[in-house]
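Q: So I've got this file, model.tsv, and it contains TSV, C-alpha atoms:
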chain	number	residue	atom	x	y	z
A	1	MET	CA	-124.48	-35.01	24.73
A	2	LYS	CA	-122.37	-38.08	24.18
A	3	THR	CA	-120.10	-38.46	21.16
A	4	LYS	CA	-119.57	-41.64	19.18
A	5	ILE	CA	-116.57	-42.13	16.88
A	6	ILE	CA	-117.06	-44.80	14.22
A	7	ASN	CA	-115.49	-46.17	11.02
A	8	GLY	CA	-111.86	-45.95	12.08
A	9	THR	CA	-108.94	-48.13	13.11
A	10	ILE	CA	-108.57	-47.49	16.83
A	11	ILE	CA	-105.03	-47.64	18.22
A	12	THR	CA	-105.08	-48.88	21.82
A	13	PRO	CA	-102.11	-49.86	24.01
A	14	PHE	CA	-102.85	-53.48	23.15
A	15	ARG	CA	-103.91	-53.64	19.51
A	16	ALA	CA	-105.42	-51.88	16.52
A	17	ILE	CA	-109.20	-52.31	16.28
A	18	ARG	CA	-110.61	-52.01	12.77
A	19	ASN	CA	-114.09	-50.50	12.49
A	20	GLY	CA	-114.24	-50.06	16.27
A	21	THR	CA	-116.30	-47.59	18.27
A	22	ILE	CA	-115.32	-45.05	20.92
A	23	VAL	CA	-117.95	-43.40	23.10
A	24	LEU	CA	-117.10	-40.09	24.77
A	25	ASN	CA	-119.00	-38.52	27.63
A	26	GLU	CA	-118.25	-35.19	29.34
A	27	GLY	CA	-114.65	-35.07	28.14
A	28	THR	CA	-113.69	-38.63	29.03
A	29	ILE	CA	-113.64	-41.97	27.26
A	30	GLU	CA	-116.68	-43.96	28.34
A	31	GLN	CA	-116.17	-47.05	26.21
A	32	VAL	CA	-113.91	-48.55	23.54
A	33	SER	CA	-115.32	-51.46	21.60
A	34	ALA	CA	-114.55	-53.64	18.61
A	35	HIS	CA	-118.28	-53.54	17.77
A	36	ASP	CA	-120.77	-50.91	16.78
A	37	LEU	CA	-122.50	-49.59	19.88
A	38	SER	CA	-125.98	-48.16	20.10
A	39	VAL	CA	-125.80	-44.73	21.75
A	40	PRO	CA	-129.15	-43.00	21.28
A	41	GLY	CA	-128.87	-39.26	20.76
A	42	ALA	CA	-125.07	-39.27	20.47
A	43	GLU	CA	-123.24	-36.97	18.08
A	44	VAL	CA	-121.55	-39.25	15.52
A	45	ILE	CA	-118.08	-38.59	14.16
A	46	ASP	CA	-117.20	-40.69	11.11
A	47	ALA	CA	-113.43	-41.28	11.07
A	48	GLY	CA	-113.61	-42.01	7.35
A	49	GLY	CA	-111.58	-45.18	7.59
A	50	HIS	CA	-108.63	-43.31	9.13
A	51	TYR	CA	-106.63	-44.12	12.26
A	52	VAL	CA	-108.02	-43.03	15.62
A	53	ALA	CA	-105.17	-42.64	18.13
A	54	PRO	CA	-104.47	-41.13	21.53
A	55	GLY	CA	-103.53	-37.48	21.32
A	56	PHE	CA	-99.82	-36.76	20.98
A	57	ILE	CA	-97.97	-35.54	24.09
A	58	ASP	CA	-94.92	-33.30	23.55
A	59	ILE	CA	-92.88	-32.97	26.73
A	60	HIS	CA	-90.22	-30.65	25.26
A	61	ILE	CA	-91.40	-27.76	23.10
A	62	HIS	CA	-90.36	-24.11	22.87
A	63	GLY	CA	-92.74	-22.63	20.33
A	64	GLY	CA	-94.45	-22.63	16.96
A	65	GLY	CA	-96.56	-20.53	14.63
A	66	GLY	CA	-94.20	-17.57	15.01
A	67	TYR	CA	-94.26	-17.53	18.83
A	68	ASP	CA	-91.98	-18.71	21.64
A	69	PHE	CA	-92.96	-19.34	25.25
A	70	MET	CA	-90.08	-17.04	26.26
A	71	ASP	CA	-92.00	-14.16	24.67
A	72	GLY	CA	-93.80	-14.31	28.00
A	73	THR	CA	-97.19	-13.25	26.62
A	74	LEU	CA	-100.62	-14.79	26.86
A	75	GLU	CA	-100.91	-14.64	23.08
A	76	ALA	CA	-97.70	-16.64	22.64
A	77	PHE	CA	-98.82	-19.45	24.95
A	78	LEU	CA	-102.25	-19.75	23.36
A	79	LYS	CA	-101.09	-19.50	19.74
A	80	ILE	CA	-98.42	-22.19	20.26
A	81	ALA	CA	-101.00	-24.50	21.81
A	82	GLU	CA	-103.38	-23.93	18.89
A	83	LYS	CA	-100.72	-24.33	16.21
A	84	HIS	CA	-99.48	-27.69	17.46
A	85	ALA	CA	-103.01	-29.00	18.04
A	86	ALA	CA	-103.37	-28.85	14.25
A	87	TYR	CA	-100.63	-31.49	14.07
A	88	GLY	CA	-102.16	-33.83	16.65
A	89	THR	CA	-100.64	-32.55	19.89
A	90	THR	CA	-103.20	-32.58	22.71
A	91	ALA	CA	-100.86	-31.95	25.67
A	92	MET	CA	-97.48	-30.29	25.97
A	93	VAL	CA	-94.84	-29.14	28.43
A	94	PRO	CA	-93.87	-25.53	27.59
A	95	THR	CA	-90.08	-25.19	27.70
A	96	THR	CA	-87.84	-22.25	28.51
A	97	LEU	CA	-84.29	-21.37	27.45
A	98	THR	CA	-81.39	-19.94	29.42
A	99	SER	CA	-82.27	-16.33	30.12
A	100	GLU	CA	-82.30	-13.50	32.62
A	101	LYS	CA	-83.99	-14.63	35.82
A	102	GLU	CA	-86.62	-11.93	35.46
A	103	ASP	CA	-87.61	-13.23	32.02
A	104	LEU	CA	-87.86	-16.73	33.40
A	105	LEU	CA	-90.07	-15.65	36.29
A	106	ASN	CA	-92.27	-13.68	33.90
A	107	THR	CA	-92.76	-16.78	31.74
A	108	LEU	CA	-93.65	-18.83	34.80
A	109	ASP	CA	-96.17	-16.18	35.84
A	110	MET	CA	-97.78	-16.22	32.42
A	111	TYR	CA	-98.17	-20.01	32.51
A	112	GLN	CA	-101.06	-19.99	34.97
A	113	SER	CA	-102.99	-17.30	33.12
A	114	ALA	CA	-102.48	-19.17	29.85
A	115	SER	CA	-103.60	-22.48	31.37
A	116	ASP	CA	-106.82	-20.88	32.58
A	117	ALA	CA	-107.51	-19.29	29.18
A	118	ASN	CA	-106.49	-22.27	27.02
A	119	THR	CA	-109.68	-23.71	25.51
A	120	ARG	CA	-108.71	-24.13	21.85
A	121	GLY	CA	-105.33	-25.82	21.92
A	122	ALA	CA	-103.15	-28.51	23.46
A	123	ARG	CA	-103.33	-28.53	27.26
A	124	PHE	CA	-100.31	-27.61	29.38
A	125	LEU	CA	-98.70	-30.15	31.72
A	126	GLY	CA	-96.45	-27.79	33.66
A	127	MET	CA	-93.29	-25.92	32.69
A	128	HIS	CA	-89.95	-27.41	31.67
A	129	LEU	CA	-86.97	-25.25	32.63
A	130	GLU	CA	-84.15	-26.03	30.22
A	131	GLY	CA	-81.17	-24.50	31.94
A	132	PRO	CA	-79.44	-22.34	32.94
A	133	TYR	CA	-77.30	-24.95	34.75
A	134	PHE	CA	-75.39	-26.34	31.77
A	135	ALA	CA	-71.85	-27.17	30.64
A	136	LEU	CA	-70.67	-24.24	28.56
A	137	SER	CA	-68.87	-26.66	26.22
A	138	GLN	CA	-72.20	-28.30	25.38
A	139	ARG	CA	-74.35	-25.18	25.20
A	140	GLY	CA	-75.50	-25.76	21.61
A	141	ALA	CA	-77.78	-22.84	20.76
A	142	GLN	CA	-78.28	-21.83	24.41
A	143	ASP	CA	-77.12	-18.28	25.11
A	144	PRO	CA	-73.72	-18.51	26.88
A	145	ARG	CA	-74.33	-15.22	28.73
A	146	TYR	CA	-76.77	-16.93	31.09
A	147	ILE	CA	-75.16	-20.34	31.62
A	148	ARG	CA	-74.00	-20.94	35.19
A	149	ASN	CA	-73.69	-23.50	37.99
A	150	PRO	CA	-76.64	-24.44	40.23
A	151	ASP	CA	-77.09	-21.87	42.97
A	152	PRO	CA	-79.36	-22.97	45.87
A	153	LYS	CA	-80.35	-19.40	46.62
A	154	GLU	CA	-81.44	-18.89	43.03
A	155	TYR	CA	-83.25	-22.17	42.39
A	156	GLU	CA	-84.98	-22.09	45.77
A	157	GLU	CA	-86.33	-18.65	44.86
A	158	ILE	CA	-87.59	-19.99	41.52
A	159	LEU	CA	-89.14	-23.07	43.13
A	160	ALA	CA	-90.88	-20.87	45.70
A	161	HIS	CA	-92.11	-18.53	42.97
A	162	SER	CA	-94.09	-21.12	41.03
A	163	ASN	CA	-95.83	-24.44	41.61
A	164	ASN	CA	-96.10	-25.05	37.88
A	165	ILE	CA	-92.62	-26.45	37.25
A	166	SER	CA	-92.95	-30.09	36.21
A	167	ARG	CA	-89.41	-30.79	34.93
A	168	TRP	CA	-85.98	-29.16	34.95
A	169	SER	CA	-82.93	-30.05	32.83
A	170	ALA	CA	-79.34	-29.58	34.02
A	171	ALA	CA	-75.78	-30.87	33.57
A	172	PRO	CA	-75.13	-33.30	36.46
A	173	GLU	CA	-71.34	-32.85	36.58
A	174	LEU	CA	-71.56	-29.21	37.67
A	175	PRO	CA	-70.78	-28.28	41.28
A	176	GLY	CA	-74.02	-28.48	43.24
A	177	ALA	CA	-75.93	-30.40	40.56
A	178	ILE	CA	-76.41	-33.54	42.67
A	179	ASP	CA	-77.94	-31.58	45.54
A	180	PHE	CA	-80.08	-29.82	42.95
A	181	GLY	CA	-81.34	-33.16	41.62
A	182	ARG	CA	-82.21	-34.35	45.13
A	183	ARG	CA	-84.13	-31.13	45.74
A	184	LEU	CA	-86.13	-31.55	42.56
A	185	ARG	CA	-86.98	-35.12	43.53
A	186	GLU	CA	-88.19	-33.88	46.93
A	187	LYS	CA	-90.49	-31.43	45.11
A	188	GLY	CA	-91.85	-34.10	42.77
A	189	ILE	CA	-90.22	-32.43	39.77
A	190	LEU	CA	-88.72	-34.54	36.97
A	191	ALA	CA	-84.96	-33.97	36.87
A	192	ALA	CA	-83.32	-34.48	33.48
A	193	ILE	CA	-79.74	-34.60	32.20
A	194	ALA	CA	-78.96	-32.11	29.43
A	195	HIS	CA	-76.24	-30.04	27.75
A	196	THR	CA	-73.60	-32.02	29.58
A	197	ASP	CA	-70.06	-33.38	29.35
A	198	ALA	CA	-70.65	-35.92	32.13
A	199	LEU	CA	-68.94	-39.32	32.05
A	200	TYR	CA	-70.44	-42.59	33.24
A	201	ASP	CA	-69.66	-42.28	36.96
A	202	GLU	CA	-71.16	-38.79	37.02
A	203	VAL	CA	-74.26	-39.90	35.16
A	204	LEU	CA	-74.65	-42.90	37.45
A	205	GLU	CA	-74.44	-40.70	40.54
A	206	ALA	CA	-77.00	-38.35	39.03
A	207	PHE	CA	-79.31	-41.26	38.22
A	208	GLU	CA	-79.06	-42.46	41.81
A	209	ASN	CA	-79.98	-38.98	43.04
A	210	GLY	CA	-83.07	-38.16	41.05
A	211	TYR	CA	-82.12	-37.61	37.41
A	212	SER	CA	-84.31	-40.06	35.51
A	213	LEU	CA	-84.45	-38.67	31.95
A	214	ALA	CA	-81.90	-37.83	29.25
A	215	THR	CA	-82.97	-34.67	27.42
A	216	HIS	CA	-82.77	-34.88	23.59
A	217	LEU	CA	-80.45	-37.90	23.56
A	218	TYR	CA	-77.29	-37.42	21.43
A	219	SER	CA	-77.85	-33.66	21.16
A	220	ALA	CA	-75.54	-31.48	23.29
A	221	MET	CA	-74.06	-34.32	25.34
A	222	SER	CA	-70.80	-36.21	25.56
A	223	GLY	CA	-70.06	-39.50	23.85
A	224	VAL	CA	-67.09	-41.83	24.31
A	225	THR	CA	-64.17	-39.76	25.61
A	226	ARG	CA	-60.48	-40.64	25.56
A	227	LYS	CA	-58.09	-39.54	28.30
A	228	ASN	CA	-54.48	-40.66	28.50
A	229	ALA	CA	-55.19	-43.48	26.02
A	230	TYR	CA	-58.15	-44.82	28.04
A	231	ARG	CA	-61.72	-44.66	26.82
A	232	TYR	CA	-64.59	-43.51	29.06
A	233	ALA	CA	-68.31	-43.84	28.44
A	234	GLY	CA	-69.95	-40.47	27.98
A	235	THR	CA	-73.50	-39.36	28.69
A	236	ILE	CA	-74.86	-40.97	25.53
A	237	GLU	CA	-73.57	-44.44	26.35
A	238	SER	CA	-74.54	-44.04	30.00
A	239	ALA	CA	-78.14	-43.13	29.12
A	240	LEU	CA	-78.36	-46.15	26.82
A	241	LEU	CA	-76.90	-48.49	29.44
A	242	LEU	CA	-78.79	-47.37	32.54
A	243	ASP	CA	-82.53	-47.91	33.12
A	244	MET	CA	-83.05	-44.25	32.31
A	245	ASP	CA	-85.78	-42.75	30.17
A	246	VAL	CA	-84.72	-40.86	27.04
A	247	GLU	CA	-86.33	-38.35	24.72
A	248	ILE	CA	-85.35	-37.97	21.08
A	249	ILE	CA	-85.90	-35.33	18.42
A	250	ALA	CA	-87.20	-37.70	15.76
A	251	ASP	CA	-87.46	-35.17	12.94
A	252	GLY	CA	-85.22	-37.23	10.65
A	253	THR	CA	-82.54	-34.53	10.77
A	254	HIS	CA	-81.19	-34.35	14.32
A	255	LEU	CA	-80.75	-38.14	14.36
A	256	PRO	CA	-80.21	-40.28	11.25
A	257	PRO	CA	-82.06	-43.58	10.80
A	258	PRO	CA	-79.26	-45.83	12.19
A	259	LEU	CA	-79.25	-43.94	15.50
A	260	LEU	CA	-83.04	-43.97	15.72
A	261	LYS	CA	-82.96	-47.74	15.20
A	262	LEU	CA	-80.17	-48.18	17.76
A	263	ILE	CA	-82.04	-46.22	20.43
A	264	CYS	CA	-85.21	-48.25	19.86
A	265	LYS	CA	-83.28	-51.52	19.96
A	266	VAL	CA	-81.49	-50.68	23.20
A	267	LYS	CA	-84.12	-48.74	25.16
A	268	GLY	CA	-87.44	-50.14	23.95
A	269	VAL	CA	-90.51	-48.05	23.20
A	270	ASP	CA	-91.63	-47.71	26.84
A	271	ARG	CA	-88.49	-45.73	27.74
A	272	ILE	CA	-88.54	-43.43	24.72
A	273	ALA	CA	-90.49	-40.19	24.31
A	274	LEU	CA	-90.57	-38.48	20.94
A	275	ILE	CA	-90.20	-34.71	21.26
A	276	THR	CA	-90.34	-31.87	18.77
A	277	ASP	CA	-88.03	-29.46	20.66
A	278	ALA	CA	-89.83	-27.07	18.31
A	279	MET	CA	-88.97	-23.38	18.23
A	280	ARG	CA	-91.12	-20.51	16.95
A	281	ALA	CA	-90.60	-21.39	13.26
A	282	ALA	CA	-92.50	-24.68	13.53
A	283	GLY	CA	-95.46	-24.58	11.17
A	284	MET	CA	-94.02	-21.49	9.43
A	285	PRO	CA	-92.20	-20.88	6.11
A	286	GLU	CA	-88.43	-21.32	6.08
A	287	GLY	CA	-86.09	-18.33	6.40
A	288	ASP	CA	-84.76	-16.14	9.20
A	289	SER	CA	-86.17	-16.64	12.69
A	290	ILE	CA	-85.37	-16.17	16.38
A	291	LEU	CA	-84.62	-18.79	18.99
A	292	GLY	CA	-85.96	-17.63	22.35
A	293	SER	CA	-87.80	-14.42	23.07
A	294	VAL	CA	-88.34	-11.75	20.48
A	295	LYS	CA	-86.70	-9.28	22.85
A	296	GLY	CA	-83.45	-11.09	23.59
A	297	GLY	CA	-83.37	-14.25	21.50
A	298	VAL	CA	-80.73	-15.60	19.13
A	299	ARG	CA	-80.98	-15.12	15.37
A	300	VAL	CA	-81.23	-18.43	13.51
A	301	LEU	CA	-81.75	-19.69	9.98
A	302	VAL	CA	-84.44	-22.22	9.07
A	303	GLU	CA	-83.61	-24.36	6.03
A	304	ASP	CA	-83.75	-28.02	5.05
A	305	GLY	CA	-86.52	-28.59	7.58
A	306	VAL	CA	-84.42	-27.60	10.61
A	307	ALA	CA	-83.25	-24.48	12.47
A	308	LYS	CA	-79.52	-23.73	12.33
A	309	MET	CA	-77.16	-21.15	13.75
A	310	PRO	CA	-76.49	-18.47	11.11
A	311	ASP	CA	-73.00	-19.84	10.43
A	312	ARG	CA	-74.50	-23.34	10.05
A	313	SER	CA	-72.15	-24.64	12.75
A	314	SER	CA	-74.93	-26.40	14.67
A	315	PHE	CA	-78.65	-26.97	14.80
A	316	ALA	CA	-80.64	-24.41	16.76
A	317	GLY	CA	-83.76	-26.29	17.70
A	318	SER	CA	-86.30	-28.08	15.60
A	319	VAL	CA	-89.22	-26.97	13.47
A	320	ALA	CA	-90.86	-30.39	13.72
A	321	THR	CA	-94.45	-31.14	14.60
A	322	ALA	CA	-95.65	-34.29	16.35
A	323	ASP	CA	-97.08	-35.91	13.22
A	324	ARG	CA	-93.67	-35.61	11.57
A	325	LEU	CA	-92.05	-37.46	14.47
A	326	VAL	CA	-94.44	-40.40	14.18
A	327	ARG	CA	-94.02	-40.45	10.41
A	328	THR	CA	-90.23	-40.43	10.70
A	329	MET	CA	-90.18	-43.34	13.14
A	330	VAL	CA	-92.41	-45.45	10.88
A	331	GLN	CA	-90.71	-44.57	7.60
A	332	GLN	CA	-87.06	-44.29	8.66
A	333	ALA	CA	-86.66	-46.28	11.88
A	334	ASP	CA	-88.72	-49.32	10.84
A	335	VAL	CA	-90.98	-48.92	13.89
A	336	SER	CA	-94.58	-50.13	13.80
A	337	LEU	CA	-97.27	-47.48	13.82
A	338	LEU	CA	-98.51	-48.72	17.20
A	339	ASP	CA	-95.03	-48.36	18.72
A	340	ALA	CA	-94.46	-44.94	17.16
A	341	VAL	CA	-97.78	-43.71	18.54
A	342	ARG	CA	-96.91	-45.14	21.97
A	343	MET	CA	-93.65	-43.17	22.04
A	344	MET	CA	-95.69	-40.03	21.23
A	345	SER	CA	-98.42	-40.65	23.79
A	346	LEU	CA	-98.31	-43.24	26.58
A	347	SER	CA	-94.53	-43.23	27.14
A	348	PRO	CA	-94.28	-39.44	27.62
A	349	ALA	CA	-97.46	-39.51	29.72
A	350	ARG	CA	-95.82	-41.98	32.10
A	351	MET	CA	-92.63	-39.93	32.30
A	352	MET	CA	-94.65	-36.86	33.27
A	353	GLY	CA	-96.79	-38.80	35.74
A	354	VAL	CA	-100.09	-38.21	33.92
A	355	ASP	CA	-100.62	-41.69	32.46
A	356	GLN	CA	-103.59	-42.32	34.73
A	357	LYS	CA	-105.52	-39.69	32.77
A	358	LYS	CA	-103.76	-39.31	29.42
A	359	GLY	CA	-101.72	-41.19	26.85
A	360	SER	CA	-104.02	-44.00	25.69
A	361	LEU	CA	-107.54	-44.72	24.49
A	362	VAL	CA	-108.77	-46.48	27.60
A	363	GLN	CA	-112.04	-46.17	29.49
A	364	GLY	CA	-111.95	-43.40	32.09
A	365	LYS	CA	-109.11	-41.40	30.54
A	366	ASP	CA	-109.36	-37.94	29.03
A	367	ALA	CA	-110.84	-37.90	25.53
A	368	ASP	CA	-107.64	-36.61	23.91
A	369	ILE	CA	-107.83	-38.02	20.41
A	370	VAL	CA	-106.18	-37.52	17.02
A	371	ILE	CA	-107.53	-38.89	13.75
A	372	PHE	CA	-104.99	-39.21	10.93
A	373	ASP	CA	-104.73	-40.87	7.51
A	374	GLN	CA	-102.35	-43.56	6.30
A	375	ASP	CA	-99.67	-40.92	5.66
A	376	ILE	CA	-100.09	-39.66	9.23
A	377	ARG	CA	-101.65	-36.40	8.11
A	378	VAL	CA	-103.92	-35.11	10.86
A	379	GLN	CA	-107.61	-34.85	10.00
A	380	MET	CA	-109.02	-34.01	13.45
A	381	THR	CA	-107.77	-33.28	16.95
A	382	MET	CA	-109.92	-33.50	20.08
A	383	VAL	CA	-108.88	-32.27	23.53
A	384	GLU	CA	-110.96	-33.53	26.44
A	385	GLY	CA	-113.77	-34.35	24.03
A	386	SER	CA	-113.83	-31.00	22.22
A	387	VAL	CA	-112.74	-30.64	18.60
A	388	VAL	CA	-109.91	-28.10	18.46
A	389	PHE	CA	-108.81	-28.79	14.89
A	390	GLN	CA	-110.51	-30.22	11.81
A	391	GLU	CA	-108.96	-30.40	8.37
A	392	ASN	CA	-110.66	-28.11	5.84
A	393	LYS	CA	-112.80	-26.54	8.55
Turn this file's structure into structure tokens for me.

A:
Amino acid sequence: MKTKIINGTIITPFRAIRNGTIVLNEGTIEQVSAHDLSVPGAEVIDAGGHYVAPGFIDIHIHGGGGYDFMDGTLEAFLKIAEKHAAYGTTAMVPTTLTSEKEDLLNTLDMYQSASDANTRGARFLGMHLEGPYFALSQRGAQDPRYIRNPDPKEYEEILAHSNNISRWSAAPELPGAIDFGRRLREKGILAAIAHTDALYDEVLEAFENGYSLATHLYSAMSGVTRKNAYRYAGTIESALLLDMDVEIIADGTHLPPPLLKLICKVKGVDRIALITDAMRAAGMPEGDSILGSVKGGVRVLVEDGVAKMPDRSSFAGSVATADRLVRTMVQQADVSLLDAVRMMSLSPARMMGVDQKKGSLVQGKDADIVIFDQDIRVQMTMVEGSVVFQENK
């Protein structure tokens, strides 16, 4: 049976179509039109005058709903996917933390089983390994016990263990990090700069050798540095200057409005992906929580809409959901709704190499759709043509 969505404002990569029609067939978009289309026998979904947008794509997410991917269980993977689907996310890249190698391998093993069983939540686009090859000085909430330099023997073992790694974040100034970036590029894996004290020349060399994305820009990375009276551009300035993609935690807390506006002005919406960086407390009441696995994670405090280390010395991940990111960009960064949606859909899809199938409401692409009201409150989420969340249902 075909499905026909009517009575909504359709957000396409090119314009917003009021009272348009979308026809879905067998999980894909068959037609997008500015006119009412006759589709005999189709199931009709009335958007109720709300916005109809491409599903949100979160390329950096650790957990939600009381679960973390590092729990390494099938239940954790599926519950996180379901929880975030309720906020408009239709695809995500499950993300790890620095950990024991055995815990990492266990999480990678669970990924395939979870992908096969995932029918009610956001689809998985491969794993993101965040660490353990980081600068200790920029560890943030990452557990210092597991931070180390790239080791070819170790990362080759991990790469051989799983074909489901789609991106890997590392500090490019570490010994062996450039060779590591080249190896990831050879494997078709997105290499990203993260938790780093690199200066411009080091970032430039990394960019030339495969590192094409800056992980959570401004967070856990160097800015302008002064040595012997001379100033040097840090990772932040380098990422802004180079033709490098960036991702930002646009929860309104990690980055204040002036920095959100600056990033948009310098990089443009096509080079920006909005990410939640959400940990297990996303979608849960505030209070005590755990960053990482239940077994060996770090105790954190959730208050003021963000996770913090218990001594409040730094943030410890986000509790944001995708709808909040879009809302923040519109309300605080003076970005148009179309541009905010693009940074939450088509831009991340391109970065992950899935923009031929996901990221926009275009004929032939997956029917990943979110319907939300003028306050960007999600009313319905569809993944590959199936409704996985409906408000009040």

Q: At a cut-off of 8 Å, can you tabulate as JSON lines every residue of region 328-382 of chain A near region 83-99 of chain A together with its closest atom pair and the distance in Å to one decimal, using all atoms listed in the file and ordering rows by chain then number?

A:
{"residue": "A:Asp368", "atom": "CA", "partner": "A:Thr90", "partner_atom": "CA", "distance": 6.1}
{"residue": "A:Ile369", "atom": "CA", "partner": "A:Thr90", "partner_atom": "CA", "distance": 7.5}
{"residue": "A:Val370", "atom": "CA", "partner": "A:Gly88", "partner_atom": "CA", "distance": 5.5}
{"residue": "A:Ile371", "atom": "CA", "partner": "A:Gly88", "partner_atom": "CA", "distance": 7.9}
{"residue": "A:Arg377", "atom": "CA", "partner": "A:Tyr87", "partner_atom": "CA", "distance": 7.8}
{"residue": "A:Val378", "atom": "CA", "partner": "A:Tyr87", "partner_atom": "CA", "distance": 5.9}
{"residue": "A:Met380", "atom": "CA", "partner": "A:Gly88", "partner_atom": "CA", "distance": 7.6}
{"residue": "A:Thr381", "atom": "CA", "partner": "A:Gly88", "partner_atom": "CA", "distance": 5.6}
{"residue": "A:Met382", "atom": "CA", "partner": "A:Thr90", "partner_atom": "CA", "distance": 7.3}

Q: I'd like a table as a tab-separated table: residues in region 166-285 of chain A with an atom no more than 10 Å from region 305-312 of chain A, each row giving the shortest atom pair and its distance in Å to one decimal, only C-alpha atoms counted, sorted by chain and rising residue number.

A:
residue	atom	partner	partner_atom	distance
A:Asp251	CA	A:Val306	CA	8.5
A:Gly252	CA	A:Gly305	CA	9.3
A:Thr253	CA	A:Val306	CA	7.2
A:His254	CA	A:Val306	CA	8.4
A:Ala278	CA	A:Ala307	CA	9.2
A:Met279	CA	A:Ala307	CA	8.2
A:Arg280	CA	A:Ala307	CA	9.9
A:Ala281	CA	A:Ala307	CA	8.0
A:Ala282	CA	A:Val306	CA	9.1
A:Pro285	CA	A:Gly305	CA	9.7

Q: Just want the 9 Å neighbourhood of Ala177 (chain A), counted on all atoms listed in the file, with same-chain residues fewer than 6 positions away dropped. Output as a PyMOL selection string.

A: chain A and resi 133+149-151+170-171+206

Q: Compile the contact shell of Met343 (chain A) as a ChimeraX atom specification: residues with an atom at most 10 Å away, counting only C-alpha atoms, same-chain residues fewer than 4 positions apart removed.

A: /A:56-57,247-248,268-275,325-326,329,337-339,347-349,359

Q: Provide the CA of His128 (chain A) to CA of Val294 (chain A) distance in Å, to one decimal place.

A: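 CA of Val294 (chain A) lies 19.3 Å from CA of His128 (chain A).
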